[in-house]
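Data from upload_27.cif: mmCIF, C-alpha atoms
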data_data
loop_
_atom_site.label_atom_id
_atom_site.label_comp_id
_atom_site.auth_asym_id
_atom_site.auth_seq_id
_atom_site.Cartn_x
_atom_site.Cartn_y
_atom_site.Cartn_z
CA MET A 1 -64.93 -31.86 -12.54
CA ASN A 2 -67.97 -29.92 -13.72
CA THR A 3 -67.23 -26.28 -14.57
CA ASP A 4 -70.16 -25.16 -12.40
CA GLN A 5 -68.36 -26.49 -9.33
CA LYS A 6 -65.24 -24.47 -9.94
CA LYS A 7 -64.45 -21.32 -8.04
CA ASP A 8 -64.76 -18.26 -10.25
CA ILE A 9 -61.67 -16.01 -10.10
CA ILE A 10 -60.94 -12.58 -11.59
CA LEU A 11 -57.41 -11.31 -12.31
CA VAL A 12 -56.46 -7.62 -12.13
CA ASP A 13 -52.92 -6.73 -13.27
CA ASP A 14 -51.56 -4.28 -15.82
CA HIS A 15 -49.20 -6.85 -17.36
CA ILE A 16 -50.90 -9.25 -19.74
CA ILE A 17 -48.03 -11.74 -19.60
CA ILE A 18 -48.40 -12.00 -15.83
CA ARG A 19 -52.18 -12.41 -16.12
CA ASP A 20 -51.86 -15.14 -18.73
CA GLY A 21 -49.26 -16.96 -16.64
CA LEU A 22 -51.41 -16.67 -13.52
CA LYS A 23 -54.46 -17.96 -15.33
CA GLN A 24 -52.62 -21.08 -16.47
CA LEU A 25 -51.13 -21.65 -13.01
CA ILE A 26 -54.32 -21.06 -11.00
CA GLU A 27 -56.41 -23.35 -13.18
CA LYS A 28 -53.86 -26.14 -12.64
CA LEU A 29 -53.88 -25.76 -8.86
CA GLY A 30 -57.43 -26.89 -8.17
CA PRO A 31 -61.09 -26.46 -9.04
CA TYR A 32 -60.64 -22.89 -10.21
CA GLN A 33 -61.49 -21.01 -13.38
CA VAL A 34 -60.31 -17.53 -14.35
CA SER A 35 -63.32 -16.06 -16.08
CA ARG A 36 -62.35 -12.40 -16.47
CA GLN A 37 -59.22 -10.25 -16.59
CA TYR A 38 -58.72 -6.50 -16.11
CA ASP A 39 -55.61 -4.43 -16.82
CA ASN A 40 -56.10 -1.89 -14.00
CA GLY A 41 -58.31 -1.01 -11.08
CA ALA A 42 -60.32 1.57 -13.00
CA THR A 43 -61.58 -0.94 -15.57
CA LEU A 44 -62.52 -3.31 -12.76
CA VAL A 45 -64.44 -0.64 -10.86
CA GLU A 46 -66.29 0.39 -14.02
CA GLY A 47 -67.80 -3.10 -14.03
CA PHE A 48 -69.25 -2.90 -10.50
CA PRO A 49 -71.52 -4.54 -9.53
CA LEU A 50 -69.88 -7.59 -11.10
CA ASP A 51 -72.32 -10.02 -12.64
CA PRO A 52 -71.91 -12.86 -12.11
CA THR A 53 -70.23 -12.21 -8.76
CA PRO A 54 -66.80 -13.91 -8.66
CA ASP A 55 -65.62 -16.00 -5.73
CA LEU A 56 -62.27 -14.21 -5.57
CA ILE A 57 -60.34 -11.26 -7.04
CA VAL A 58 -56.57 -11.70 -7.40
CA MET A 59 -55.13 -8.21 -7.78
CA ASP A 60 -51.85 -6.32 -8.01
CA ILE A 61 -51.30 -3.13 -5.99
CA THR A 62 -49.27 -0.94 -8.36
CA MET A 63 -51.34 -0.25 -11.46
CA PRO A 64 -52.01 2.79 -13.67
CA GLU A 65 -55.19 4.88 -13.38
CA MET A 66 -56.34 3.20 -10.16
CA ASP A 67 -54.14 1.07 -7.93
CA GLY A 68 -55.06 -1.80 -5.67
CA ASP A 69 -55.19 0.33 -2.52
CA GLU A 70 -57.84 2.57 -4.08
CA VAL A 71 -59.89 -0.36 -5.34
CA VAL A 72 -59.92 -2.09 -1.95
CA LEU A 73 -60.91 1.13 -0.18
CA LEU A 74 -63.69 1.80 -2.68
CA MET A 75 -64.98 -1.75 -2.26
CA LYS A 76 -65.08 -1.26 1.50
CA GLN A 77 -66.93 2.04 1.13
CA ARG A 78 -69.50 0.47 -1.19
CA GLY A 79 -69.97 -2.60 0.97
CA ILE A 80 -68.62 -4.97 -1.72
CA THR A 81 -67.49 -8.11 0.10
CA ILE A 82 -65.88 -10.12 -2.70
CA PRO A 83 -62.69 -11.67 -1.24
CA VAL A 84 -59.46 -10.11 -2.53
CA LEU A 85 -56.04 -11.75 -2.67
CA ILE A 86 -53.25 -9.23 -3.25
CA LEU A 87 -50.33 -10.41 -5.39
CA SER A 88 -47.60 -7.78 -5.47
CA LEU A 89 -43.89 -7.00 -5.20
CA ILE A 90 -44.59 -4.48 -2.45
CA ASN A 91 -43.68 -5.63 1.06
CA ASP A 92 -44.29 -2.46 3.10
CA GLU A 93 -45.73 -3.76 6.38
CA ASN A 94 -47.85 -0.71 7.19
CA ARG A 95 -49.34 -0.69 3.72
CA ILE A 96 -50.15 -4.39 3.89
CA ILE A 97 -51.79 -3.98 7.29
CA ARG A 98 -53.86 -1.12 5.89
CA LEU A 99 -54.99 -3.35 3.03
CA PHE A 100 -56.11 -6.04 5.47
CA ARG A 101 -57.95 -3.48 7.56
CA ASN A 102 -59.76 -2.39 4.40
CA GLY A 103 -60.94 -5.93 3.71
CA VAL A 104 -58.20 -7.82 1.87
CA ARG A 105 -58.28 -11.57 2.64
CA GLY A 106 -54.71 -12.51 1.69
CA TYR A 107 -51.35 -11.22 0.51
CA LEU A 108 -48.65 -12.89 -1.58
CA GLN A 109 -45.50 -11.56 -3.18
CA LYS A 110 -45.13 -12.09 -6.91
CA ASP A 111 -42.06 -14.25 -6.41
CA CYS A 112 -44.09 -16.80 -4.46
CA THR A 113 -44.03 -20.47 -5.40
CA ALA A 114 -46.91 -22.40 -6.95
CA ALA A 115 -47.26 -24.22 -3.62
CA MET A 116 -47.71 -20.93 -1.80
CA MET A 117 -50.32 -19.80 -4.30
CA LYS A 118 -52.14 -23.11 -3.89
CA GLU A 119 -52.10 -22.77 -0.10
CA ALA A 120 -53.33 -19.18 -0.27
CA LEU A 121 -56.28 -20.07 -2.49
CA GLU A 122 -57.21 -23.05 -0.35
CA GLN A 123 -57.00 -21.08 2.91
CA ILE A 124 -59.08 -18.18 1.61
CA PHE A 125 -61.84 -20.49 0.39
CA LYS A 126 -61.68 -22.68 3.50
CA ALA A 127 -60.94 -20.27 6.35
CA GLY A 128 -61.64 -16.88 4.79
CA PHE A 129 -58.09 -15.56 5.18
CA TYR A 130 -54.52 -16.39 4.26
CA HIS A 131 -51.67 -15.21 6.50
CA ASN A 132 -48.18 -16.09 5.36
CA GLU A 133 -45.08 -15.53 7.47
CA LEU A 134 -44.74 -11.92 6.31
CA MET A 135 -48.33 -11.11 7.20
CA THR A 136 -48.15 -12.81 10.58
CA TYR A 137 -45.14 -10.67 11.45
CA ALA A 138 -46.73 -7.51 10.05
CA LEU A 139 -50.00 -7.98 11.89
CA GLN A 140 -48.12 -8.47 15.15
CA ALA A 141 -46.25 -5.21 14.61
CA GLU A 142 -47.33 -2.11 16.45
CA TRP A 143 -50.30 -0.34 14.89
CA PRO A 144 -50.50 2.50 14.37
CA PRO A 145 -46.73 2.78 13.80
CA ARG A 146 -44.82 4.28 16.71
CA LYS A 147 -44.48 8.03 16.32
CA THR A 148 -41.06 9.60 15.89
CA GLU A 149 -39.69 11.98 18.49
CA GLN A 150 -40.33 14.85 16.07
CA GLU A 151 -43.97 13.86 15.58
CA LYS A 152 -44.49 13.66 19.34
CA ILE A 153 -43.11 17.17 19.75
CA LEU A 154 -45.23 18.62 16.95
CA ASP A 155 -48.33 16.94 18.38
CA LYS A 156 -47.96 19.26 21.36
CA LEU A 157 -48.22 22.32 19.11
CA SER A 158 -51.23 23.80 17.37
CA PRO A 159 -50.98 24.48 13.60
CA ARG A 160 -50.46 28.20 14.26
CA GLU A 161 -47.79 27.51 16.89
CA ARG A 162 -45.96 25.33 14.36
CA GLU A 163 -46.23 28.10 11.79
CA PHE A 164 -44.83 30.59 14.31
CA LEU A 165 -41.94 28.28 15.17
CA LYS A 166 -41.12 27.79 11.50
CA LEU A 167 -40.92 31.57 10.98
CA VAL A 168 -38.75 32.00 14.07
CA CYS A 169 -36.24 29.57 12.54
CA ASN A 170 -36.34 31.11 9.06
CA SER A 171 -32.96 32.16 7.68
CA GLU A 172 -34.37 35.67 7.15
CA GLU A 173 -34.23 36.09 10.95
CA TYR A 174 -37.61 37.76 11.21
CA THR A 175 -38.45 39.96 14.17
CA TYR A 176 -41.59 39.22 16.18
CA VAL A 177 -43.26 42.21 14.51
CA GLN A 178 -42.46 40.83 11.06
CA ILE A 179 -43.71 37.39 12.09
CA ALA A 180 -46.98 38.94 13.25
CA ASN A 181 -47.37 40.63 9.86
CA LEU A 182 -46.57 37.43 7.96
CA MET A 183 -49.09 35.48 10.06
CA ASN A 184 -51.62 38.29 9.73
CA VAL A 185 -52.15 38.51 13.49
CA GLN A 186 -51.56 41.13 16.16
CA HIS A 187 -48.21 41.36 17.91
CA ARG A 188 -49.67 40.23 21.23
CA THR A 189 -50.95 37.05 19.55
CA VAL A 190 -47.41 36.22 18.48
CA ASP A 191 -46.25 36.95 22.03
CA GLY A 192 -48.82 34.38 23.14
CA TYR A 193 -47.44 31.73 20.76
CA ARG A 194 -43.94 32.43 22.07
CA GLU A 195 -44.91 32.13 25.72
CA ILE A 196 -46.83 28.89 25.11
CA ILE A 197 -43.82 27.31 23.40
CA PHE A 198 -41.52 28.58 26.17
CA GLU A 199 -43.73 26.95 28.78
CA LYS A 200 -44.26 23.64 26.92
CA PHE A 201 -40.57 22.96 26.31
CA GLY A 202 -38.78 24.93 29.04
CA ILE A 203 -37.32 27.44 26.57
CA LYS A 204 -36.38 30.97 27.66
CA SER A 205 -35.35 32.87 24.52
CA LYS A 206 -35.73 33.20 20.76
CA SER A 207 -32.29 31.67 20.24
CA GLY A 208 -33.36 28.87 22.56
CA MET A 209 -36.28 28.09 20.23
CA VAL A 210 -33.94 27.92 17.24
CA LEU A 211 -31.53 25.63 19.09
CA PHE A 212 -34.44 23.45 20.23
CA VAL A 213 -35.59 22.99 16.62
CA LEU A 214 -32.08 22.21 15.42
CA ARG A 215 -31.32 19.83 18.29
CA HIS A 216 -34.50 17.82 17.64
CA GLN A 217 -34.14 17.98 13.84
CA LEU A 218 -37.56 19.55 13.36
CA ILE A 219 -36.77 21.72 10.33
CA GLU A 220 -37.91 19.26 7.65
CA TYR A 221 -41.09 18.53 9.64
CA LEU A 222 -41.90 22.22 10.02
CA ASP A 223 -41.30 22.72 6.29
CA GLN A 224 -44.42 20.66 5.67
CA TYR A 225 -46.50 23.55 6.95
CA GLU A 226 -47.29 26.33 4.51
CA ILE A 227 -47.04 29.93 5.61
#

Translate this file's structure into structure tokens.
Amino acid sequence: MNTDQKKDIILVDDHIIIRDGLKQLIEKLGPYQVSRQYDNGATLVEGFPLDPTPDLIVMDITMPEMDGDEVVLLMKQRGITIPVLILSLINDENRIIRLFRNGVRGYLQKDCTAAMMKEALEQIFKAGFYHNELMTYALQAEWPPRKTEQEKILDKLSPREREFLKLVCNSEEYTYVQIANLMNVQHRTVDGYREIIFEKFGIKSKSGMVLFVLRHQLIEYLDQYEI
């Protein structure tokens, strides 16, 4: 077949052995040619806009300097529509869904067979997308992911109310006056935070707030908020 009729493919992976093996495999699977290779996302991005424009980018996710997630997001932001097939060991469903939402056309794990790679390439060039069993399951999963009980509780609180609650539960056993000083607000403002939390969760005392936090395992979530 004439070289001009072959699909032009770019490989992006930080392991040269993997790139060389992929090049040999891909060029045996059909009318494909691997014209360029990059060892990380940063070197690929430095070459934008790519000339000539490839028909497909086959890219890993985990790479030094700039990973696949960042590259895909940057491409989306710049309006670069070159199809991307992700080839990675990562199988986190939420991360994969995010990649697809940012424009990825297909996903394969690195332990895939040659037949799976062949099918993925053919489907992307024919139908525009490749969904294997993992992706079909992932895309059917709830999105965004269902919130935990702790996240639902914290969603009901403002940032300052969360900060107040964290100080109430501190092992130093601060008084309301000390909490007001630490938060740099007046005492009546702290009283307001307390009454709001009492009303939202049916709590009646300071010890009740502490028990509420412990019962719902909120400590590690509250620790994410700086005082």

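The nearest approach to Leu50 (chain A) among the residues A:Ile82, A:Ile203, A:Leu22, A:Val34, with all atoms listed in the file taken into account, belongs to A:Ile82.
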
Chain and number of each residue from the PyMOL selection byres ((chain A and resi 84) around 6), as JSON, numbers by chain:
{"A": [56, 57, 58, 83, 85, 104, 105]}

Using only C-alpha atoms, determine which residues lie at most 12 Å from Gln109 (chain A), disregarding the query and same-chain residues fewer than 3 positions distant; provide the list as a PyMOL selection string.
chain A and resi 58-61+85-92+96+106+112-114+116-117+120+132-135

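Comparing the minimum interatomic distances between Thr43 (chain A) and each of A:His216, A:Leu25, A:Val12, A:Ile17, counting all atoms listed in the file, we find that A:Val12 sits nearest.
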
Residue members of the PyMOL selection byres ((chain A and resi 158-168) around 7) in the file shown, as a ChimeraX atom specification:
/A:156-157,169-170,173-174,179,193,222,225,227

Can you pull out the residues contacting Pro54 (chain A)? Cut-off 12 Å, using all atoms listed in the file, and skip same-chain residues under 6 positions away; I want them as a PyMOL selection string.
chain A and resi 6-11+32-37+48+80-84

So what do you get for CA of Gly192 (chain A) versus CA of Arg215 (chain A), distance-wise?
23.3 Å

Put a box with edges along x, y and z around all the listed atoms of region 8-27 of chain A, pad it by 6 Å on each side, then give me its centre and sizes in Å, one decimal, as JSON.
{"center_x": -56.4, "center_y": -13.8, "center_z": -14.9, "size_x": 28.7, "size_y": 31.1, "size_z": 21.6}
